[in-house]
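These notes concern the structure reproduced below.
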Amino acid sequence: MANLSIPSIRERLFNTSRHEQSTQRNSNPFAASTFKGNVLTADVFESSTKQSQPAFTGKLKASALVGSISGIGEKFQNIINSVVGFGIRIKEGWNRLKNIEISFDPMKNKMVSAYNSAKEIMTTPISEVFSSGISAKQVAKMEDMAEARTLLQDNVALWESVA
Amino acid sequence: MTDRKIVKNVTNIIEGLGQNPNSESITILEDIGTNSKVDAIRELTSRALVKRNEHDSLKVVITNKGKGINDMSTVVAMSTINELLSLEDKTEALNVLTDTVEMHSDEEVRDNARSVKALMALS
């Protein structure tokens, strides 16, 4: 029951701060206004930093996972066995190759000449490789000087005829 | 217009003969190359003989009237002189030039050799 005596009314009129109720402050901007007299003390706004963490606690899920893994063991064993077998075969082949010696002379000579011709092509200018003309290298190695003389004579004559 | 293939062939043959170790190649170059009526062939031959940098090959382009530095074509003569000046080892060329200046019978050849020798001494 409210005290409606004159002194009490006067005190309430002139000393208002004494009767004011304290209001709890938090992050809720509506907390101050209250809803029908009930202050919302809990923070109703979801924090942006809050992360959802899926829980893996169900027994059903765990058993399903174990069941799927248990079938893999045999397959793994098979794969490992085939890999080991392949490795053994490779090793045997390698050992056999190591013991083979190239003792067939014509083959050896063929390989050497192929290497030499490849080396010569690599050191020849590209324009000389594709042109069907006479290369300076060929003439520099010529031993038959009569042939060299004829070669120069014929080509000079050709040039002079069109000059 | 001269066929490019002919030019390439002649250039390669002359270059190859210049590198051929057989001394007969110098005679071939002198007989055919330096006596050609085409200036370009004479020029190529003279340069190949200078590059060879041997006593006999240098003698062809220094001591002969109408060949190498004594060619009637200025282009051929200048090209030969230029090749002589480009030699790394000029010892043999200077020896041939000195002999020519001192002993050659033709005055024009002697004068040319003297001029080239002076140029080589300066370079």
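Residue numbering restarts at 1 in every chain; chains get A, B, ... in the order shown in the structure tokens, and ligands count up from 1 in that same order.
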
task: Up to 6 Å from chain A, what residues of chain B turn up? Count only C-alpha atoms and give them as a list in words.
output: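 Taken together, these residues fit the definition: Thr2, Asn9, Val10, Asn12, Ile13, Glu15, Gly16, Leu17, Gln19, Asn20 and Ile28 of chain B.
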
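Residues in contact range of Thr91 in chain B, defined as at most 12 Å between only C-alpha atoms, with sequence neighbours fewer than 3 positions away removed, read Asn53, Glu54, His55, Leu58, Leu84, Leu85, Leu87, Glu88, Leu94, Asn95, Val96, Leu97, Thr98, Lys117, Met120 and Ala121 of chain B.
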
Just to be explicit: take each residue in the selection above, keep C-alpha atoms, and write the result as an mmCIF file, in the first residue's frame.
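Result written to result-v3.cif:
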```cif
data_model
loop_
_atom_site.group_PDB
_atom_site.id
_atom_site.type_symbol
_atom_site.label_atom_id
_atom_site.label_comp_id
_atom_site.auth_asym_id
_atom_site.auth_seq_id
_atom_site.Cartn_x
_atom_site.Cartn_y
_atom_site.Cartn_z
ATOM 1 C CA ASN B 53 97.743 -17.717 -91.701
ATOM 2 C CA GLU B 54 100.484 -19.847 -93.259
ATOM 3 C CA HIS B 55 103.555 -18.576 -95.111
ATOM 4 C CA LEU B 58 99.894 -15.281 -97.133
ATOM 5 C CA LEU B 84 95.182 -9.185 -92.305
ATOM 6 C CA LEU B 85 94.561 -6.556 -89.632
ATOM 7 C CA LEU B 87 94.689 -11.682 -87.471
ATOM 8 C CA GLU B 88 95.454 -12.556 -83.872
ATOM 9 C CA LEU B 94 104.676 -9.236 -91.054
ATOM 10 C CA ASN B 95 107.513 -11.524 -92.154
ATOM 11 C CA VAL B 96 105.997 -11.904 -95.649
ATOM 12 C CA LEU B 97 105.338 -8.156 -95.868
ATOM 13 C CA THR B 98 108.924 -7.343 -94.834
ATOM 14 C CA LYS B 117 102.896 -3.242 -92.966
ATOM 15 C CA MET B 120 99.603 -3.566 -89.157
ATOM 16 C CA ALA B 121 102.276 -1.975 -86.990
#
```

- request: Name the residues in contact with Thr34 in chain B at a cut-off of 10 Å, using only C-alpha atoms, excluding same-chain residues fewer than 2 positions from it; report them as a PyMOL selection string.
  value: chain B and resi 28-32+36-39+41-46+49+60-61+66-68+71

- prompt: Separation of CA of Asn99 in chain A and CA of Ala114 in chain A, in Å?
  reply: 24.3 Å

message: As an exercise, work out the distance from CA of Asn35 in chain B to CA of Val101 in chain B in Å and give it to one decimal place.
response: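 Those two atoms sit 23.7 Å apart.
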
- prompt: Could you pull out all residues of chain B with a DSSP call of helix (DSSP H, G or I) and give them as number ranges by chain?
  reply: B: 4-19, 24-33, 39-52, 55-63, 68-70, 74-85, 91-103, 107-122
